[in-house]
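Enquirer: Input structure: entry_7.txt, which contains compact mmCIF, C-alpha atoms.
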```txt
# COMPACT_ATOMS: atom_id res chain seq x y z
CA MET A 1032 -47.22 -41.51 11.40
CA LEU A 1033 -44.83 -40.74 8.54
CA ALA A 1034 -44.07 -44.42 8.00
CA ALA A 1035 -47.74 -45.17 7.86
CA SER A 1036 -48.27 -42.40 5.32
CA ALA A 1037 -45.42 -43.64 3.11
CA ALA A 1038 -46.79 -47.14 3.16
CA ALA A 1039 -50.18 -45.87 2.15
CA LEU A 1040 -48.87 -43.83 -0.82
CA PRO A 1041 -49.26 -46.51 -3.56
CA ALA A 1042 -52.81 -47.12 -2.50
CA LEU A 1043 -53.54 -43.45 -2.53
CA LEU A 1044 -52.04 -43.06 -6.01
CA ALA A 1045 -54.06 -45.97 -7.29
CA THR A 1046 -57.18 -44.46 -5.89
CA ALA A 1047 -56.36 -41.19 -7.64
CA SER A 1048 -55.72 -43.05 -10.95
CA CYS A 1049 -52.21 -41.72 -11.42
CA ARG A 1050 -48.70 -43.14 -11.51
CA SER A 1051 -46.03 -42.22 -9.01
CA SER A 1052 -44.09 -40.33 -11.71
CA ASP A 1053 -47.04 -38.00 -12.18
CA VAL A 1054 -46.61 -36.69 -8.66
CA PHE A 1055 -43.46 -34.82 -9.70
CA ALA A 1056 -44.54 -33.79 -13.19
CA GLY A 1057 -46.15 -30.49 -12.23
CA PRO A 1058 -44.63 -27.26 -11.06
CA ASP A 1059 -42.51 -27.53 -7.95
CA PRO A 1060 -43.27 -24.64 -5.61
CA LEU A 1061 -40.21 -25.50 -3.52
CA ALA A 1062 -37.68 -25.20 -6.35
CA GLY A 1063 -38.00 -21.48 -7.01
CA ARG A 1064 -35.32 -19.02 -6.05
CA PRO A 1065 -36.21 -16.86 -3.07
CA SER A 1066 -37.14 -13.34 -3.96
CA LEU A 1067 -35.02 -10.58 -2.50
CA SER A 1068 -36.44 -8.10 -0.06
CA HIS A 1069 -36.63 -4.44 -0.90
CA ASP A 1070 -33.88 -3.66 1.63
CA VAL A 1071 -31.53 -6.21 0.09
CA ILE A 1072 -32.09 -4.75 -3.36
CA MET A 1073 -31.41 -1.25 -2.04
CA LEU A 1074 -28.32 -2.47 -0.21
CA GLU A 1075 -26.96 -4.17 -3.30
CA ALA A 1076 -27.43 -1.00 -5.31
CA VAL A 1077 -25.60 1.07 -2.72
CA ILE A 1078 -22.78 -1.49 -2.57
CA ALA A 1079 -22.41 -1.36 -6.35
CA ALA A 1080 -22.26 2.46 -6.21
CA GLU A 1081 -19.65 2.33 -3.44
CA GLN A 1082 -17.55 -0.09 -5.48
CA ALA A 1083 -17.72 2.30 -8.43
CA MET A 1084 -16.65 5.16 -6.18
CA ILE A 1085 -13.64 3.17 -4.98
CA ARG A 1086 -12.63 2.43 -8.58
CA LEU A 1087 -12.84 6.13 -9.32
CA TYR A 1088 -10.66 7.04 -6.34
CA ARG A 1089 -8.13 4.35 -7.18
CA ALA A 1090 -7.85 5.74 -10.67
CA ALA A 1091 -7.37 9.20 -9.20
CA VAL A 1092 -4.74 8.06 -6.72
CA ASP A 1093 -2.88 6.04 -9.34
CA GLY A 1094 -3.24 8.66 -12.05
CA SER A 1095 -2.84 12.28 -12.73
CA LEU A 1096 -4.10 13.57 -9.39
CA GLN A 1097 -1.26 11.92 -7.51
CA ALA A 1098 1.04 14.82 -8.31
CA THR A 1099 -1.38 17.59 -7.42
CA GLY A 1100 -0.55 17.69 -3.74
CA GLN A 1101 -3.91 16.12 -2.96
CA ALA A 1102 -2.63 12.56 -2.77
CA GLY A 1103 -2.90 12.47 1.02
CA THR A 1104 -6.50 13.69 0.98
CA LEU A 1105 -7.43 11.24 -1.75
CA THR A 1106 -5.88 8.34 0.10
CA ASP A 1107 -7.76 9.28 3.28
CA LEU A 1108 -11.07 9.56 1.48
CA LEU A 1109 -10.46 6.30 -0.38
CA ALA A 1110 -9.88 4.60 2.97
CA GLN A 1111 -13.21 5.92 4.23
CA HIS A 1112 -14.99 4.62 1.16
CA ARG A 1113 -13.47 1.21 1.80
CA GLN A 1114 -14.86 1.43 5.32
CA HIS A 1115 -18.27 2.28 3.86
CA LEU A 1116 -18.09 -0.74 1.57
CA ALA A 1117 -17.08 -3.10 4.37
CA ARG A 1118 -19.91 -1.88 6.60
CA LEU A 1119 -22.44 -2.20 3.79
CA GLN A 1120 -21.30 -5.67 2.80
CA ALA A 1121 -21.51 -6.78 6.42
CA ARG A 1122 -25.21 -5.91 6.32
CA LEU A 1123 -25.88 -7.96 3.19
CA VAL A 1124 -27.35 -11.39 3.83
CA LEU A 1125 -28.52 -13.14 0.69
CA PRO A 1126 -30.81 -16.15 1.03
CA ALA A 1127 -29.27 -19.41 -0.22
CA GLY A 1128 -30.03 -19.93 -3.90
CA SER A 1129 -30.90 -16.32 -4.53
CA VAL A 1130 -29.54 -14.41 -7.43
CA SER A 1131 -28.13 -10.96 -6.92
CA ALA A 1132 -30.44 -8.23 -8.08
CA SER A 1133 -27.49 -6.30 -9.40
CA PRO A 1134 -25.50 -8.62 -11.62
CA SER A 1135 -23.72 -5.53 -12.92
CA ALA A 1136 -20.95 -6.21 -10.44
CA SER A 1137 -18.61 -6.21 -13.39
CA PRO A 1138 -16.33 -3.19 -13.24
CA GLY A 1139 -17.78 -0.19 -14.98
CA ALA A 1140 -15.74 2.11 -17.14
CA VAL A 1141 -13.51 4.49 -15.24
CA PRO A 1142 -12.42 7.59 -17.10
CA ALA A 1143 -8.73 7.59 -17.93
CA ARG A 1144 -8.28 11.00 -16.37
CA VAL A 1145 -10.13 11.59 -13.10
CA THR A 1146 -10.36 15.23 -12.09
CA MET A 1147 -11.15 16.73 -8.72
CA ALA A 1148 -14.36 18.07 -10.23
CA ARG A 1149 -15.28 14.53 -11.29
CA LEU A 1150 -14.70 13.25 -7.76
CA ARG A 1151 -16.70 16.08 -6.21
CA ALA A 1152 -19.58 15.37 -8.59
CA ALA A 1153 -19.47 11.66 -7.74
CA GLU A 1154 -19.50 12.37 -4.01
CA HIS A 1155 -22.39 14.80 -4.37
CA ALA A 1156 -24.35 12.31 -6.46
CA SER A 1157 -23.72 9.59 -3.91
CA ALA A 1158 -24.92 11.74 -1.00
CA THR A 1159 -28.03 12.71 -2.95
CA GLY A 1160 -28.75 9.15 -4.05
CA LEU A 1161 -28.50 7.81 -0.52
CA LEU A 1162 -31.00 10.42 0.65
CA THR A 1163 -33.48 9.05 -1.85
CA ARG A 1164 -32.88 5.43 -0.87
CA LEU A 1165 -32.96 5.84 2.91
CA VAL A 1166 -36.63 6.80 3.07
CA THR A 1167 -37.87 3.34 2.07
CA VAL A 1168 -35.62 0.98 4.03
CA GLU A 1169 -35.80 -0.24 7.61
CA PRO A 1170 -34.61 2.23 10.28
CA SER A 1171 -31.13 0.93 11.06
CA LEU A 1172 -30.26 0.63 7.38
CA ALA A 1173 -31.63 4.14 6.84
CA GLN A 1174 -29.28 5.37 9.56
CA LEU A 1175 -26.30 3.69 7.91
CA PHE A 1176 -27.22 5.25 4.57
CA ALA A 1177 -27.65 8.66 6.24
CA SER A 1178 -24.27 8.41 7.93
CA ILE A 1179 -22.52 7.46 4.71
CA ALA A 1180 -24.35 10.27 2.90
CA ALA A 1181 -23.13 12.73 5.53
CA SER A 1182 -19.59 11.42 5.11
CA ASP A 1183 -19.81 11.78 1.34
CA ALA A 1184 -21.11 15.33 1.76
CA THR A 1185 -18.06 16.22 3.83
CA HIS A 1186 -15.87 14.67 1.13
CA VAL A 1187 -17.26 17.17 -1.38
CA VAL A 1188 -15.95 19.99 0.81
CA ALA A 1189 -12.66 18.24 1.58
CA LEU A 1190 -11.95 17.83 -2.13
CA GLY A 1191 -12.21 21.58 -2.51
CA GLY A 1192 -9.92 22.26 0.42
CA TRP A 1193 -10.93 23.46 3.82
CA GLY A 1194 -10.40 27.11 2.91
CA MET B 1419 -51.89 2.71 21.77
CA ALA B 1420 -52.58 3.00 18.06
CA VAL B 1421 -49.76 2.61 15.57
CA GLY B 1422 -50.17 6.19 14.44
CA SER B 1423 -49.85 7.41 18.01
CA VAL B 1424 -46.69 5.39 18.56
CA THR B 1425 -45.23 6.83 15.38
CA ALA B 1426 -46.07 10.37 16.43
CA VAL B 1427 -44.58 9.84 19.88
CA GLN B 1428 -41.36 8.46 18.39
CA ALA B 1429 -41.14 11.41 16.03
CA VAL B 1430 -41.61 13.92 18.83
CA GLN B 1431 -39.02 12.16 21.00
CA ALA B 1432 -36.47 12.24 18.19
CA LEU B 1433 -37.18 15.90 17.47
CA GLN B 1434 -36.90 16.73 21.18
CA ALA B 1435 -33.47 15.07 21.32
CA ALA B 1436 -32.35 17.17 18.38
CA LEU B 1437 -33.73 20.29 20.04
CA VAL B 1438 -31.74 19.59 23.20
CA ALA B 1439 -28.60 19.00 21.14
CA GLU B 1440 -29.11 22.27 19.26
CA ASP B 1441 -29.63 24.12 22.52
CA ALA B 1442 -26.43 22.68 23.95
CA ALA B 1443 -24.60 23.64 20.76
CA ILE B 1444 -25.84 27.21 21.06
CA PHE B 1445 -24.49 27.38 24.58
CA GLY B 1446 -21.21 25.76 23.60
CA TYR B 1447 -20.61 28.03 20.61
CA GLY B 1448 -21.00 30.98 22.93
CA VAL B 1449 -18.06 29.64 24.92
CA ALA B 1450 -16.00 28.61 21.89
CA GLY B 1451 -16.55 31.88 20.06
CA ALA B 1452 -15.08 33.85 22.95
CA HIS B 1453 -11.73 32.10 22.38
CA LEU B 1454 -11.60 32.53 18.62
CA ALA B 1455 -10.54 35.43 16.42
CA GLY B 1456 -10.64 36.50 12.80
CA SER B 1457 -12.13 34.13 10.24
CA ARG B 1458 -12.48 31.35 12.82
CA LYS B 1459 -14.59 33.62 15.03
CA SER B 1460 -16.71 34.56 12.02
CA ALA B 1461 -17.18 30.87 11.23
CA ALA B 1462 -18.27 30.20 14.81
CA GLU B 1463 -20.73 33.09 14.68
CA GLN B 1464 -22.14 31.78 11.42
CA ASP B 1465 -22.53 28.31 12.92
CA LEU B 1466 -24.16 29.78 16.01
CA THR B 1467 -26.70 31.53 13.79
CA GLY B 1468 -27.38 28.24 12.03
CA HIS B 1469 -28.01 26.45 15.30
CA ASN B 1470 -30.36 29.19 16.46
CA GLU B 1471 -32.35 28.81 13.25
CA ALA B 1472 -32.39 25.04 13.63
CA ARG B 1473 -33.67 25.39 17.20
CA ASP B 1474 -36.54 27.56 15.96
CA THR B 1475 -37.34 25.08 13.21
CA LEU B 1476 -37.36 22.13 15.60
CA THR B 1477 -39.53 24.03 18.07
CA GLU B 1478 -42.12 24.60 15.35
CA MET B 1479 -41.94 20.98 14.19
CA ILE B 1480 -42.44 19.59 17.70
CA THR B 1481 -45.46 21.82 18.19
CA ALA B 1482 -46.84 20.77 14.82
CA HIS B 1483 -46.52 17.13 15.87
CA GLY B 1484 -48.49 17.79 19.05
CA GLY B 1485 -45.55 17.98 21.44
CA SER B 1486 -44.32 20.60 23.86
CA PRO B 1487 -40.79 21.76 23.01
CA ALA B 1488 -38.30 21.06 25.78
CA ALA B 1489 -37.05 24.16 27.52
CA GLY B 1490 -33.36 24.86 27.13
CA GLN B 1491 -30.97 24.96 30.06
CA ALA B 1492 -29.24 28.13 31.22
CA LEU B 1493 -25.98 26.22 31.60
CA TYR B 1494 -24.54 23.04 30.13
CA GLN B 1495 -21.55 21.09 31.38
CA LEU B 1496 -18.69 21.26 28.91
CA PRO B 1497 -16.73 18.06 28.16
CA PHE B 1498 -13.41 19.81 28.84
CA GLU B 1499 -12.07 23.23 29.69
CA VAL B 1500 -11.64 25.72 26.90
CA HIS B 1501 -8.53 27.88 27.19
CA GLY B 1502 -7.73 28.94 23.66
CA ALA B 1503 -8.38 28.61 19.96
CA ALA B 1504 -7.37 24.95 19.73
CA SER B 1505 -9.65 23.76 22.50
CA ALA B 1506 -12.41 26.06 21.19
CA ALA B 1507 -12.23 24.36 17.79
CA LYS B 1508 -12.20 20.98 19.52
CA LEU B 1509 -15.31 21.97 21.45
CA ALA B 1510 -17.07 23.09 18.26
CA ALA B 1511 -16.33 19.73 16.64
CA TYR B 1512 -17.59 17.96 19.76
CA LEU B 1513 -20.82 19.96 19.69
CA GLU B 1514 -21.39 19.17 16.02
CA ASP B 1515 -20.80 15.47 16.64
CA GLY B 1516 -23.52 15.56 19.27
CA VAL B 1517 -25.90 17.36 16.95
CA THR B 1518 -25.18 14.83 14.20
CA ARG B 1519 -25.99 11.93 16.54
CA ALA B 1520 -29.25 13.58 17.54
CA TYR B 1521 -30.36 14.04 13.93
CA LEU B 1522 -29.44 10.41 13.23
CA GLY B 1523 -32.24 9.54 15.66
CA ILE B 1524 -34.71 11.37 13.45
CA VAL B 1525 -33.61 9.25 10.48
CA ALA B 1526 -34.94 6.17 12.30
CA VAL B 1527 -38.55 7.37 12.47
CA SER B 1528 -41.04 6.07 9.93
CA ASP B 1529 -42.13 9.45 8.56
CA GLN B 1530 -40.26 9.81 5.26
CA ARG B 1531 -40.16 13.60 5.33
CA LEU B 1532 -38.68 13.56 8.81
CA ARG B 1533 -36.08 11.02 7.72
CA THR B 1534 -34.99 13.28 4.89
CA PHE B 1535 -34.97 16.30 7.19
CA GLY B 1536 -32.76 14.44 9.69
CA ALA B 1537 -30.39 13.15 7.03
CA LEU B 1538 -29.96 16.60 5.49
CA ALA B 1539 -29.32 18.14 8.90
CA MET B 1540 -26.68 15.46 9.50
CA GLN B 1541 -24.88 16.55 6.35
CA SER B 1542 -24.75 20.13 7.62
CA SER B 1543 -23.51 19.27 11.10
CA ALA B 1544 -21.04 16.67 9.85
CA GLY B 1545 -19.67 19.29 7.48
CA ARG B 1546 -19.21 21.75 10.32
CA ALA B 1547 -17.57 19.07 12.47
CA ALA B 1548 -15.16 18.27 9.65
CA PHE B 1549 -14.34 21.96 9.28
CA TRP B 1550 -13.49 22.37 12.95
CA ARG B 1551 -11.64 19.06 13.17
CA GLY B 1552 -9.87 19.44 9.84
CA THR B 1553 -10.65 15.86 8.84
CA THR B 1554 -13.66 13.90 7.64
CA GLN B 1555 -15.20 10.86 9.32
CA ALA B 1556 -16.34 7.62 7.71
CA PHE B 1557 -19.51 7.34 9.79
CA PRO B 1558 -20.69 10.67 11.21
CA GLY B 1559 -23.24 10.18 13.94
CA LEU B 1560 -22.81 6.41 14.03
CA ASP B 1561 -19.23 5.96 15.21
CA ALA B 1562 -17.19 7.92 17.71
CA PRO B 1563 -14.80 10.27 15.87
CA THR B 1564 -11.32 8.87 15.34
```
Can you present the structure in this file as structure tokens?
Expert:
Amino acid sequence: MLAASAAALPALLATASCRSSDVFAGPDPLAGRPSLSHDVIMLEAVIAAEQAMIRLYRAAVDGSLQATGQAGTLTDLLAQHRQHLARLQARLVLPAGSVSASPSASPGAVPARVTMARLRAAEHASATGLLTRLVTVEPSLAQLFASIAASDATHVVALGGWG
Amino acid sequence: MAVGSVTAVQAVQALQAALVAEDAAIFGYGVAGAHLAGSRKSAAEQDLTGHNEARDTLTEMITAHGGSPAAGQALYQLPFEVHGAASAAKLAAYLEDGVTRAYLGIVAVSDQRLRTFGALAMQSSAGRAAFWRGTTQAFPGLDAPT
């Protein structure tokens, strides 16, 4: 059937009064990049935020907070953020040919001096931001966001000491 | 069954699971608190109060969604014997882990307000679990504590 159709193409083109090159002159609906789903866009945003958090923790571990007696806590929390990132990235499946919705993967500025207050604020902001994002994504992704938000919320307390 | 009905049923089921978890936590804190003293006992009493309030809230929510709140049990089987302060703290962390898992179920329902409610409750219970355990977890509610 396909062979018969191919053989009939010149005749069809002649009938339609156009040359074969005209067939490919218009817009090609197959050449466009696939659009990203809402969940993928949300996931990419959360991944970018997690990467920023890790940069912040690395700066804290490498910098002035190393000598505060909190180095062990910071290292533990950094490890958990790396676990968050790995779990998030494992969920990300980008269609072939798609372009990331968050090209801002370039490292953002990390303050030269990271304080405990700065880390607590970042953890709190992360937990709050995830709460906002989880209401619009599919259930299992919402649960992952909720779990990471709960972890971040415990980090806020851990950074202040267990009392 | 209509989509709305399915959604409502799922919501009630998730709320019921949280109610059962809260009821078990109330029972368990009664046991744990008896083995604690000082500030740790006060913390357990404060957590017990929180779980009682959460049970009342869930009861009202289930009723509002057209369900009948599950009756609590007089006794619950404990995961291990509690002999002193250390095992009491371990039990408290265990209870909070269970509560966190139950609220994670609410996060999976389609109602956005319920999702937020469940996620916020997870933050509270995960925080209490971290207090009793002395360490944080990467994935409260999702993964077994390490």
Enquirer: Give the answer as one residue: which of A:Arg1164, A:His1115, A:Arg1086, A:Arg1064 has the shortest atom-to-atom distance to chain B, using all atoms listed in the file?
Expert: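 Smallest separation from chain B among the options: A:His1115.
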Enquirer: Quick one: residues within 8 Å of Ser1543 (chain B), all atoms listed in the file counted, chain neighbours fewer than 4 positions away excluded, as an MDAnalysis selection string?
Expert: chainID B and resid 1514:1515 1517:1518 1539 1547
Enquirer: Just how far from CA of Glu1440 (chain B) is CA of Ala1452 (chain B), in Å to one decimal?
Expert: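 Taking CA of Ala1452 (chain B) as the start and CA of Glu1440 (chain B) as the end point, the length is 18.6 Å.
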Enquirer: Residues of chain A within 10 Å of chain B: nearest atom pair and distance (Å, one decimal) for each, counting only C-alpha atoms, sorted by chain and number, as a tab-separated table?
Expert:
```
residue	atom	partner	partner_atom	distance
A:Thr1104	CA	B:Thr1553	CA	9.1
A:Asp1107	CA	B:Thr1554	CA	8.7
A:Leu1108	CA	B:Thr1554	CA	8.0
A:Ala1110	CA	B:Ala1556	CA	8.6
A:Gln1111	CA	B:Ala1556	CA	5.0
A:His1112	CA	B:Ala1556	CA	7.3
A:Arg1113	CA	B:Ala1556	CA	9.2
A:Gln1114	CA	B:Ala1556	CA	6.8
A:His1115	CA	B:Ala1556	CA	6.9
A:Arg1118	CA	B:Phe1557	CA	9.8
A:Ala1158	CA	B:Gln1541	CA	8.8
A:Thr1159	CA	B:Leu1538	CA	9.5
A:Leu1161	CA	B:Ala1537	CA	9.4
A:Leu1162	CA	B:Thr1534	CA	6.5
A:Thr1163	CA	B:Thr1534	CA	8.1
A:Arg1164	CA	B:Thr1534	CA	10.0
A:Leu1165	CA	B:Arg1533	CA	7.7
A:Val1166	CA	B:Gln1530	CA	5.2
A:Thr1167	CA	B:Gln1530	CA	7.6
A:Val1168	CA	B:Ser1528	CA	9.5
A:Glu1169	CA	B:Ala1526	CA	8.0
A:Pro1170	CA	B:Ala1526	CA	4.4
A:Ser1171	CA	B:Ala1526	CA	6.6
A:Leu1172	CA	B:Ala1526	CA	8.8
A:Ala1173	CA	B:Val1525	CA	6.6
A:Gln1174	CA	B:Val1525	CA	5.9
A:Leu1175	CA	B:Leu1560	CA	7.6
A:Phe1176	CA	B:Ala1537	CA	8.9
A:Ala1177	CA	B:Ala1537	CA	5.3
A:Ser1178	CA	B:Phe1557	CA	5.2
A:Ile1179	CA	B:Phe1557	CA	5.9
A:Ala1180	CA	B:Gln1541	CA	7.2
A:Ala1181	CA	B:Gln1541	CA	4.3
A:Ser1182	CA	B:Ala1556	CA	5.6
A:Asp1183	CA	B:Ala1556	CA	8.4
A:Ala1184	CA	B:Gln1541	CA	6.1
A:Thr1185	CA	B:Gly1545	CA	5.0
A:His1186	CA	B:Thr1554	CA	6.9
A:Val1187	CA	B:Gly1545	CA	9.4
A:Val1188	CA	B:Gly1545	CA	7.7
A:Ala1189	CA	B:Thr1554	CA	7.5
A:Gly1192	CA	B:Gly1552	CA	9.8
A:Trp1193	CA	B:Phe1549	CA	6.6
A:Gly1194	CA	B:Phe1549	CA	9.1
```
Enquirer: Please dump the current selection as an mmCIF file, keeping the file's coordinate frame; keep C-alpha atoms.
Expert:
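Everything below was put into part09.cif:
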```
data_model
loop_
_atom_site.group_PDB
_atom_site.id
_atom_site.type_symbol
_atom_site.label_atom_id
_atom_site.label_comp_id
_atom_site.auth_asym_id
_atom_site.auth_seq_id
_atom_site.Cartn_x
_atom_site.Cartn_y
_atom_site.Cartn_z
ATOM 1 C CA THR A 1104 -6.500 13.690 0.980
ATOM 2 C CA ASP A 1107 -7.760 9.280 3.280
ATOM 3 C CA LEU A 1108 -11.070 9.560 1.480
ATOM 4 C CA ALA A 1110 -9.880 4.600 2.970
ATOM 5 C CA GLN A 1111 -13.210 5.920 4.230
ATOM 6 C CA HIS A 1112 -14.990 4.620 1.160
ATOM 7 C CA ARG A 1113 -13.470 1.210 1.800
ATOM 8 C CA GLN A 1114 -14.860 1.430 5.320
ATOM 9 C CA HIS A 1115 -18.270 2.280 3.860
ATOM 10 C CA ARG A 1118 -19.910 -1.880 6.600
ATOM 11 C CA ALA A 1158 -24.920 11.740 -1.000
ATOM 12 C CA THR A 1159 -28.030 12.710 -2.950
ATOM 13 C CA LEU A 1161 -28.500 7.810 -0.520
ATOM 14 C CA LEU A 1162 -31.000 10.420 0.650
ATOM 15 C CA THR A 1163 -33.480 9.050 -1.850
ATOM 16 C CA ARG A 1164 -32.880 5.430 -0.870
ATOM 17 C CA LEU A 1165 -32.960 5.840 2.910
ATOM 18 C CA VAL A 1166 -36.630 6.800 3.070
ATOM 19 C CA THR A 1167 -37.870 3.340 2.070
ATOM 20 C CA VAL A 1168 -35.620 0.980 4.030
ATOM 21 C CA GLU A 1169 -35.800 -0.240 7.610
ATOM 22 C CA PRO A 1170 -34.610 2.230 10.280
ATOM 23 C CA SER A 1171 -31.130 0.930 11.060
ATOM 24 C CA LEU A 1172 -30.260 0.630 7.380
ATOM 25 C CA ALA A 1173 -31.630 4.140 6.840
ATOM 26 C CA GLN A 1174 -29.280 5.370 9.560
ATOM 27 C CA LEU A 1175 -26.300 3.690 7.910
ATOM 28 C CA PHE A 1176 -27.220 5.250 4.570
ATOM 29 C CA ALA A 1177 -27.650 8.660 6.240
ATOM 30 C CA SER A 1178 -24.270 8.410 7.930
ATOM 31 C CA ILE A 1179 -22.520 7.460 4.710
ATOM 32 C CA ALA A 1180 -24.350 10.270 2.900
ATOM 33 C CA ALA A 1181 -23.130 12.730 5.530
ATOM 34 C CA SER A 1182 -19.590 11.420 5.110
ATOM 35 C CA ASP A 1183 -19.810 11.780 1.340
ATOM 36 C CA ALA A 1184 -21.110 15.330 1.760
ATOM 37 C CA THR A 1185 -18.060 16.220 3.830
ATOM 38 C CA HIS A 1186 -15.870 14.670 1.130
ATOM 39 C CA VAL A 1187 -17.260 17.170 -1.380
ATOM 40 C CA VAL A 1188 -15.950 19.990 0.810
ATOM 41 C CA ALA A 1189 -12.660 18.240 1.580
ATOM 42 C CA GLY A 1192 -9.920 22.260 0.420
ATOM 43 C CA TRP A 1193 -10.930 23.460 3.820
ATOM 44 C CA GLY A 1194 -10.400 27.110 2.910
#
```
Enquirer: For His1483 (chain B), which residue out of B:Ala1562, B:Gln1428, B:Phe1498, B:His1453 is the nearest one, using only C-alpha atoms?
Expert: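 Selected residue with least distance to His1483 (chain B): B:Gln1428.
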Enquirer: Take the point (-48.2, 19.0, 16.9) in the file's coordinates, draw a sphere of radius 12 Å around it, and report as a list in words every protein, DNA or RNA residue with an atom inside or on it, counting only C-alpha atoms.
Expert: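 Those residues, ordered by chain and then number, are Ser1423, Ala1426, Val1427, Ala1429, Val1430, Leu1433, Leu1476, Thr1477, Glu1478, Met1479, Ile1480, Thr1481, Ala1482, His1483, Gly1484, Gly1485, Ser1486 and Pro1487 of chain B.
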Enquirer: Would you mind writing region 1151-1166 of chain A with N, CA and C atoms, as an mmCIF file, keeping the file's coordinate frame?
Expert:
```cif
data_model
loop_
_atom_site.group_PDB
_atom_site.id
_atom_site.type_symbol
_atom_site.label_atom_id
_atom_site.label_comp_id
_atom_site.auth_asym_id
_atom_site.auth_seq_id
_atom_site.Cartn_x
_atom_site.Cartn_y
_atom_site.Cartn_z
ATOM 1 N N ARG A 1151 -15.707 15.300 -6.979
ATOM 2 C CA ARG A 1151 -16.700 16.080 -6.210
ATOM 3 C C ARG A 1151 -18.111 15.769 -6.709
ATOM 4 N N ALA A 1152 -18.256 15.677 -8.025
ATOM 5 C CA ALA A 1152 -19.580 15.370 -8.590
ATOM 6 C C ALA A 1152 -20.040 13.976 -8.166
ATOM 7 N N ALA A 1153 -19.112 13.036 -8.139
ATOM 8 C CA ALA A 1153 -19.470 11.660 -7.740
ATOM 9 C C ALA A 1153 -19.881 11.615 -6.270
ATOM 10 N N GLU A 1154 -19.163 12.337 -5.433
ATOM 11 C CA GLU A 1154 -19.500 12.370 -4.010
ATOM 12 C C GLU A 1154 -20.864 13.022 -3.790
ATOM 13 N N HIS A 1155 -21.093 14.111 -4.497
ATOM 14 C CA HIS A 1155 -22.390 14.800 -4.370
ATOM 15 C C HIS A 1155 -23.527 13.888 -4.832
ATOM 16 N N ALA A 1156 -23.309 13.206 -5.948
ATOM 17 C CA ALA A 1156 -24.350 12.310 -6.460
ATOM 18 C C ALA A 1156 -24.607 11.163 -5.492
ATOM 19 N N SER A 1157 -23.549 10.680 -4.870
ATOM 20 C CA SER A 1157 -23.720 9.590 -3.910
ATOM 21 C C SER A 1157 -24.536 10.048 -2.706
ATOM 22 N N ALA A 1158 -24.192 11.219 -2.167
ATOM 23 C CA ALA A 1158 -24.920 11.740 -1.000
ATOM 24 C C ALA A 1158 -26.397 11.946 -1.343
ATOM 25 N N THR A 1159 -26.651 12.465 -2.525
ATOM 26 C CA THR A 1159 -28.030 12.710 -2.950
ATOM 27 C C THR A 1159 -28.787 11.398 -3.164
ATOM 28 N N GLY A 1160 -28.116 10.443 -3.789
ATOM 29 C CA GLY A 1160 -28.750 9.150 -4.050
ATOM 30 C C GLY A 1160 -29.108 8.412 -2.771
ATOM 31 N N LEU A 1161 -28.232 8.480 -1.806
ATOM 32 C CA LEU A 1161 -28.500 7.810 -0.520
ATOM 33 C C LEU A 1161 -29.693 8.441 0.182
ATOM 34 N N LEU A 1162 -29.835 9.748 0.055
ATOM 35 C CA LEU A 1162 -31.000 10.420 0.650
ATOM 36 C C LEU A 1162 -32.297 9.873 0.075
ATOM 37 N N THR A 1163 -32.280 9.593 -1.200
ATOM 38 C CA THR A 1163 -33.480 9.050 -1.850
ATOM 39 C C THR A 1163 -33.758 7.632 -1.353
ATOM 40 N N ARG A 1164 -32.703 6.840 -1.222
ATOM 41 C CA ARG A 1164 -32.880 5.430 -0.870
ATOM 42 C C ARG A 1164 -33.252 5.224 0.598
ATOM 43 N N LEU A 1165 -32.790 6.114 1.470
ATOM 44 C CA LEU A 1165 -32.960 5.840 2.910
ATOM 45 C C LEU A 1165 -34.411 5.972 3.385
ATOM 46 N N VAL A 1166 -35.257 6.596 2.592
ATOM 47 C CA VAL A 1166 -36.630 6.800 3.070
ATOM 48 C C VAL A 1166 -37.467 5.533 3.023
#
```
